[in-house]
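In what follows, a structure is listed as structure tokens, so that the remarks can point back to it.
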Amino acid sequence: AAGGEAVTGWAAQSDDVLLDQGRASAGTGHALATRLAPALPGLADRLATAGSRVLDIGTGTGALALALAQDLPHVHVTGIDKLERAVRLARRELD
């Protein structure tokens, strides 16, 4: 973009950019688990129950979903994304 060429959308970004952006979003997952959930009445208790589930729509490389899963061990997190390359990267990160 600095050179005058517009790069649009996540699909046009390199794997490294997708992974870096995902890793930056992991802090949001941590904040959701440790700050937002306890502040909403009853949510922390529901998320502490075995079998609780969270859906991460637009998961990208899955970093936010992984952060939630680490902070909320009883939660099953499902991440979905329409960018297949991001899903492949997410699977690699999960491994």
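The way I read the labels, and the way they are meant: chains A, B, ... in the order of the structure tokens, residue 1 as the first residue of every chain, and ligand 1 as the first ligand shown, with later ones counted on from there.
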DSSP-assigned strand (DSSP E or B) among chain A, expressed as a list of chain:residue names: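 Assigned to strand (DSSP E or B), within chain A: A:Arg53, A:Val54, A:Leu55, A:Asp56, A:Ile57, A:His76, A:Val77, A:Thr78, A:Gly79, A:Ile80.
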Put those residues in a file: N, CA and C atoms, as an mmCIF file, in the first residue's frame.
```cif
data_model
loop_
_atom_site.group_PDB
_atom_site.id
_atom_site.type_symbol
_atom_site.label_atom_id
_atom_site.label_comp_id
_atom_site.auth_asym_id
_atom_site.auth_seq_id
_atom_site.Cartn_x
_atom_site.Cartn_y
_atom_site.Cartn_z
ATOM 1 N N ARG A 53 -20.253 -24.015 25.136
ATOM 2 C CA ARG A 53 -19.724 -23.857 23.790
ATOM 3 C C ARG A 53 -19.657 -22.380 23.397
ATOM 4 N N VAL A 54 -18.653 -22.054 22.570
ATOM 5 C CA VAL A 54 -18.497 -20.723 22.002
ATOM 6 C C VAL A 54 -18.261 -20.894 20.504
ATOM 7 N N LEU A 55 -18.904 -20.065 19.704
ATOM 8 C CA LEU A 55 -18.712 -20.076 18.256
ATOM 9 C C LEU A 55 -17.946 -18.813 17.863
ATOM 10 N N ASP A 56 -16.791 -18.991 17.256
ATOM 11 C CA ASP A 56 -15.954 -17.893 16.778
ATOM 12 C C ASP A 56 -16.149 -17.785 15.268
ATOM 13 N N ILE A 57 -17.005 -16.866 14.855
ATOM 14 C CA ILE A 57 -17.294 -16.661 13.434
ATOM 15 C C ILE A 57 -16.255 -15.711 12.863
ATOM 16 N N HIS A 76 -15.930 -25.639 24.840
ATOM 17 C CA HIS A 76 -15.579 -26.156 23.520
ATOM 18 C C HIS A 76 -15.730 -24.992 22.549
ATOM 19 N N VAL A 77 -14.634 -24.571 21.939
ATOM 20 C CA VAL A 77 -14.651 -23.439 21.013
ATOM 21 C C VAL A 77 -14.610 -23.969 19.589
ATOM 22 N N THR A 78 -15.558 -23.535 18.770
ATOM 23 C CA THR A 78 -15.586 -23.876 17.353
ATOM 24 C C THR A 78 -15.323 -22.599 16.566
ATOM 25 N N GLY A 79 -14.332 -22.646 15.698
ATOM 26 C CA GLY A 79 -14.026 -21.502 14.853
ATOM 27 C C GLY A 79 -14.367 -21.812 13.402
ATOM 28 N N ILE A 80 -15.003 -20.864 12.730
ATOM 29 C CA ILE A 80 -15.311 -21.022 11.303
ATOM 30 C C ILE A 80 -14.837 -19.789 10.547
#
```
Extract, using only C-alpha atoms, all DNA, RNA and protein residues at most 12 Å from Leu43 (chain A), discarding same-chain residues fewer than 4 positions from it, and format them as a CSV table (one decimal) with N, CA, C and O atoms, in the first residue's frame.
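The new file part-v4.csv reads:
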```
chain,number,residue,atom,x,y,z
A,32,LEU,N,-11.7,-11.2,26.8
A,32,LEU,CA,-13.1,-11.7,26.8
A,32,LEU,C,-13.3,-12.7,28.0
A,32,LEU,O,-14.3,-12.6,28.7
A,33,ALA,N,-12.4,-13.6,28.1
A,33,ALA,CA,-12.5,-14.6,29.1
A,33,ALA,C,-12.3,-14.1,30.5
A,33,ALA,O,-13.0,-14.6,31.5
A,34,THR,N,-11.3,-13.2,30.7
A,34,THR,CA,-11.0,-12.8,32.1
A,34,THR,C,-11.6,-11.5,32.5
A,34,THR,O,-11.6,-11.2,33.7
A,35,ARG,N,-12.1,-10.7,31.6
A,35,ARG,CA,-12.7,-9.4,32.0
A,35,ARG,C,-14.2,-9.3,31.7
A,35,ARG,O,-15.0,-8.9,32.5
A,36,LEU,N,-14.5,-9.6,30.4
A,36,LEU,CA,-15.9,-9.5,30.0
A,36,LEU,C,-16.8,-10.5,30.6
A,36,LEU,O,-17.9,-10.2,31.2
A,37,ALA,N,-16.4,-11.8,30.5
A,37,ALA,CA,-17.3,-12.9,31.0
A,37,ALA,C,-17.6,-12.7,32.5
A,37,ALA,O,-18.8,-12.8,32.9
A,38,PRO,N,-16.6,-12.4,33.4
A,38,PRO,CA,-17.0,-12.2,34.8
A,38,PRO,C,-17.8,-11.0,35.0
A,38,PRO,O,-18.5,-10.9,36.1
A,39,ALA,N,-17.8,-10.0,34.1
A,39,ALA,CA,-18.6,-8.8,34.3
A,39,ALA,C,-20.1,-8.9,34.0
A,39,ALA,O,-20.9,-8.1,34.3
A,47,LEU,N,-20.0,-20.5,31.4
A,47,LEU,CA,-18.8,-20.9,30.7
A,47,LEU,C,-17.9,-21.9,31.5
A,47,LEU,O,-17.1,-22.6,30.9
A,48,ALA,N,-18.1,-21.9,32.8
A,48,ALA,CA,-17.4,-22.9,33.7
A,48,ALA,C,-18.0,-24.2,33.7
A,48,ALA,O,-17.5,-25.2,34.3
A,49,THR,N,-19.2,-24.4,33.1
A,49,THR,CA,-19.9,-25.6,33.1
A,49,THR,C,-19.4,-26.5,31.9
A,49,THR,O,-19.2,-26.1,30.8
A,52,SER,N,-20.1,-26.4,27.8
A,52,SER,CA,-20.4,-25.0,27.3
A,52,SER,C,-19.7,-24.9,26.0
A,52,SER,O,-18.6,-25.5,25.7
A,53,ARG,N,-20.3,-24.0,25.1
A,53,ARG,CA,-19.7,-23.9,23.8
A,53,ARG,C,-19.7,-22.4,23.4
A,53,ARG,O,-20.5,-21.6,23.8
A,54,VAL,N,-18.7,-22.1,22.6
A,54,VAL,CA,-18.5,-20.7,22.0
A,54,VAL,C,-18.3,-20.9,20.5
A,54,VAL,O,-17.5,-21.8,20.1
A,72,LEU,N,-10.6,-20.7,29.3
A,72,LEU,CA,-11.9,-21.3,29.7
A,72,LEU,C,-11.8,-22.8,29.4
A,72,LEU,O,-12.4,-23.2,28.4
A,75,VAL,N,-14.8,-24.9,28.1
A,75,VAL,CA,-15.5,-24.5,26.9
A,75,VAL,C,-15.0,-25.2,25.7
A,75,VAL,O,-13.8,-25.3,25.5
```
For the alpha helix (DSSP H) assignment from backbone DSSP, which residues of chain A qualify? Please present them as an MDAnalysis selection string. chainID A and resid 15:31 37:39 43:47 63:71 84:94
Long-range neighbours of Gly62 (chain A) as a count of residues only, 8 Å cut-off, only C-alpha atoms, 4 positions minimum in chain: 8
